[in-house]
Amino acid sequence: RSIKISAEDIDALARIMHAEAGNQSDTGKLGVLFTVLNRVASPGQFRDSIRSVIEQPNQFEPMNGRKSVFDLPAAPDSTRQLAAALAQLTAGQLADPTNGATFFQNVSITNQRGTNFAATEPVAVIGDHSFYRVIRLAP
């Protein structure tokens with residue numbers, strides 16, 4: 001499914017990438033970006049726009065207590081440039097490092113909180129994040 005991406009979408013993606021993976025590699029930041037895009041591309045399972053996916057309640061921890069992705073701090077230029085690299089997607093030059101994931105977590109954090117949903121194998125691990133196509137809560 002083709003996804004239209006506006007300048008506002010790039011800003012929103014850069015903000016959530018920085019909030020979720022600001023301390024990770026560029027590939028780790030791209031993992032967050034692709035998780036959002038994979039959700040947008042899954043009609044009926046998730047919301048149908050970049051902003052609505054990011055702003056859906058209880059989906060991205062940095063959004064807790066915020067109504068708008070634009071309430072998150074602006075991302076640094078390097079992350080904004082990475083988000084803007086989306087043009088490469090249409091040319092097929094940017095592969096999905098998450099293997100189609102629609103969920104991710106930092107297992108060390110979720111284990112401490114008791115919210116680990118890794119009762120299934122991740123489809124990718126990038127830095128501190130594990131990526132999943134489906135999730136089941138750990139018993």
# chains A, B, ... in the order shown; residues from 1 in each chain; ligands from 1
>>> residues_around(residues="A:Asp11", least_positions_apart="5", cutoff="9 Å", atoms="only C-alpha atoms", output="MDAnalysis selection string")
chainID A and resid 6 16 70 74:75 80 83:84
>>> select_by_dssp(residues="stretch 6-135 of chain A", states="strand (DSSP E or B)", output="ChimeraX atom specification")
/A:43,46,103-106,118,124-126,129-132
>>> write_last_selection(atoms="N, CA, C and O atoms", output="CSV table (one decimal), in the first residue's frame")
chain,number,residue,atom,x,y,z
A,43,PRO,N,-3.9,-2.1,6.9
A,43,PRO,CA,-5.3,-1.6,7.0
A,43,PRO,C,-6.2,-2.5,7.9
A,43,PRO,O,-6.0,-3.7,7.8
A,46,PHE,N,-4.4,-1.3,12.3
A,46,PHE,CA,-4.0,-0.1,12.9
A,46,PHE,C,-4.6,1.1,12.2
A,46,PHE,O,-5.3,0.9,11.3
A,103,PHE,N,5.5,-4.0,16.1
A,103,PHE,CA,5.7,-3.7,17.5
A,103,PHE,C,7.1,-3.8,17.8
A,103,PHE,O,7.9,-4.5,17.1
A,104,PHE,N,7.5,-3.1,18.9
A,104,PHE,CA,8.9,-3.2,19.4
A,104,PHE,C,8.9,-2.9,20.9
A,104,PHE,O,8.0,-2.3,21.4
A,105,GLN,N,10.0,-3.3,21.5
A,105,GLN,CA,10.2,-3.0,22.9
A,105,GLN,C,11.6,-3.1,23.3
A,105,GLN,O,12.4,-3.7,22.6
A,106,ASN,N,12.0,-2.4,24.4
A,106,ASN,CA,13.3,-2.5,25.0
A,106,ASN,C,13.1,-3.5,26.1
A,106,ASN,O,12.5,-3.2,27.1
A,118,ALA,N,7.1,-10.3,25.1
A,118,ALA,CA,8.0,-11.1,24.2
A,118,ALA,C,7.7,-12.6,24.4
A,118,ALA,O,8.6,-13.4,24.5
A,124,ALA,N,13.4,-9.3,14.5
A,124,ALA,CA,14.6,-8.5,14.4
A,124,ALA,C,15.0,-8.0,15.8
A,124,ALA,O,14.1,-7.7,16.6
A,125,VAL,N,16.3,-7.9,16.0
A,125,VAL,CA,16.8,-7.2,17.2
A,125,VAL,C,17.8,-6.2,16.7
A,125,VAL,O,18.7,-6.5,15.9
A,126,ILE,N,17.6,-4.9,17.0
A,126,ILE,CA,18.5,-3.8,16.6
A,126,ILE,C,18.8,-3.0,17.9
A,126,ILE,O,17.9,-2.4,18.5
A,129,HIS,N,16.4,-2.7,21.1
A,129,HIS,CA,15.0,-3.0,20.8
A,129,HIS,C,14.9,-4.3,20.1
A,129,HIS,O,15.7,-4.7,19.2
A,130,SER,N,13.8,-5.0,20.5
A,130,SER,CA,13.4,-6.2,19.8
A,130,SER,C,12.1,-5.9,19.1
A,130,SER,O,11.2,-5.2,19.6
A,131,PHE,N,12.0,-6.4,17.8
A,131,PHE,CA,10.9,-6.1,16.9
A,131,PHE,C,10.0,-7.3,16.7
A,131,PHE,O,10.6,-8.4,16.5
A,132,TYR,N,8.7,-7.1,16.6
A,132,TYR,CA,7.8,-8.2,16.5
A,132,TYR,C,6.7,-7.9,15.4
A,132,TYR,O,6.3,-6.8,15.3
>>> residues_around(residues="A:Ala21", least_positions_apart="3", cutoff="10 Å", atoms="only C-alpha atoms", output="JSON, numbers by chain")
{"A": [15, 16, 17, 18, 24, 25, 26, 27, 28, 29, 30, 31, 32, 33, 79, 106, 127, 128, 129]}
>>> residues_around(residues="A:Ser49", least_positions_apart="6", cutoff="12 Å", atoms="only C-alpha atoms", output="JSON, numbers by chain")
{"A": [1, 2, 3, 4, 5, 6, 8, 9, 12, 13, 36, 37, 38, 39, 40, 41, 42, 43, 55, 56]}
>>> write_last_selection(atoms="N, CA, C and O atoms", output="short mmCIF file (atom, residue, chain, number, x, y, z; two decimals), in the first residue's frame")
data_model
loop_
_atom_site.label_atom_id
_atom_site.label_comp_id
_atom_site.auth_asym_id
_atom_site.auth_seq_id
_atom_site.Cartn_x
_atom_site.Cartn_y
_atom_site.Cartn_z
N ARG A 1 0.84 -1.18 0.00
CA ARG A 1 0.00 0.00 0.00
C ARG A 1 0.88 1.24 0.00
O ARG A 1 1.83 1.34 0.76
N SER A 2 0.55 2.18 -0.84
CA SER A 2 1.32 3.41 -0.94
C SER A 2 0.96 4.36 0.21
O SER A 2 -0.21 4.52 0.53
N ILE A 3 1.95 4.95 0.81
CA ILE A 3 1.74 5.88 1.92
C ILE A 3 2.20 7.26 1.50
O ILE A 3 3.34 7.43 1.08
N LYS A 4 1.27 8.22 1.58
CA LYS A 4 1.65 9.61 1.28
C LYS A 4 2.32 10.20 2.51
O LYS A 4 1.82 10.08 3.62
N ILE A 5 3.46 10.85 2.29
CA ILE A 5 4.25 11.39 3.40
C ILE A 5 4.47 12.88 3.19
O ILE A 5 5.11 13.29 2.22
N SER A 6 3.93 13.67 4.12
CA SER A 6 4.05 15.12 4.06
C SER A 6 5.24 15.59 4.90
O SER A 6 5.85 14.80 5.64
N GLU A 8 4.95 17.46 7.45
CA GLU A 8 4.48 17.28 8.83
C GLU A 8 4.72 15.83 9.29
O GLU A 8 5.11 15.59 10.42
N ASP A 9 4.48 14.86 8.39
CA ASP A 9 4.72 13.45 8.72
C ASP A 9 6.20 13.21 9.02
O ASP A 9 6.53 12.46 9.94
N ALA A 12 6.86 14.48 12.42
CA ALA A 12 6.28 13.57 13.42
C ALA A 12 7.13 12.31 13.56
O ALA A 12 7.42 11.87 14.68
N LEU A 13 7.55 11.74 12.44
CA LEU A 13 8.40 10.55 12.48
C LEU A 13 9.73 10.85 13.17
O LEU A 13 10.20 10.05 13.99
N VAL A 36 6.28 2.27 12.53
CA VAL A 36 5.14 3.17 12.28
C VAL A 36 4.61 2.95 10.87
O VAL A 36 3.40 2.78 10.67
N LEU A 37 5.49 2.93 9.87
CA LEU A 37 5.05 2.76 8.49
C LEU A 37 4.39 1.40 8.27
O LEU A 37 3.40 1.30 7.53
N ASN A 38 4.91 0.36 8.91
CA ASN A 38 4.31 -0.97 8.78
C ASN A 38 2.90 -0.99 9.36
O ASN A 38 2.02 -1.68 8.86
N ARG A 39 2.67 -0.21 10.41
CA ARG A 39 1.32 -0.11 10.97
C ARG A 39 0.39 0.61 10.00
O ARG A 39 -0.73 0.17 9.79
N VAL A 40 0.86 1.71 9.44
CA VAL A 40 0.03 2.46 8.49
C VAL A 40 -0.33 1.57 7.30
O VAL A 40 -1.44 1.63 6.77
N ALA A 41 0.59 0.71 6.91
CA ALA A 41 0.38 -0.16 5.75
C ALA A 41 -0.44 -1.41 6.07
O ALA A 41 -0.62 -2.26 5.21
N SER A 42 -0.94 -1.52 7.31
CA SER A 42 -1.73 -2.68 7.73
C SER A 42 -3.18 -2.25 7.95
O SER A 42 -3.62 -2.08 9.09
N PRO A 43 -3.94 -2.07 6.87
CA PRO A 43 -5.30 -1.56 7.02
C PRO A 43 -6.17 -2.50 7.86
O PRO A 43 -6.04 -3.72 7.78
N GLU A 55 -0.09 8.78 17.50
CA GLU A 55 -0.91 9.37 18.56
C GLU A 55 -1.95 8.41 19.14
O GLU A 55 -2.66 8.78 20.06
N GLN A 56 -2.05 7.20 18.62
CA GLN A 56 -2.99 6.24 19.17
C GLN A 56 -2.62 5.96 20.63
O GLN A 56 -1.46 5.66 20.92
#
>>> closest_residue(among="A:Gln59, A:Ile135, A:Ile10, A:Thr110", to="A:Arg47", atoms="only C-alpha atoms")
A:Gln59
>>> select_by_dssp(residues="stretch 9-110 of chain A", states="helix (DSSP H, G or I)", output="ChimeraX atom specification")
/A:9-21,26-40,50-55,61-63,69-71,77-84,87-90,107-110
>>> closest_residue(among="A:Thr35, A:Ala19, A:Arg66, A:Thr115", to="A:Val53", atoms="only C-alpha atoms")
A:Thr35
>>> closest_residue(among="A:Ala14, A:Gln112, A:Arg136, A:Gln45", to="A:Ser78", atoms="only C-alpha atoms")
A:Ala14
>>> closest_residue(among="A:Phe34, A:Val69, A:Ala7, A:Pro76", to="A:Asn99", atoms="only C-alpha atoms")
A:Phe34
>>> closest_residue(among="A:Ser108, A:Ile54, A:Val123, A:Gly100", to="A:Leu72", atoms="only C-alpha atoms")
A:Ile54
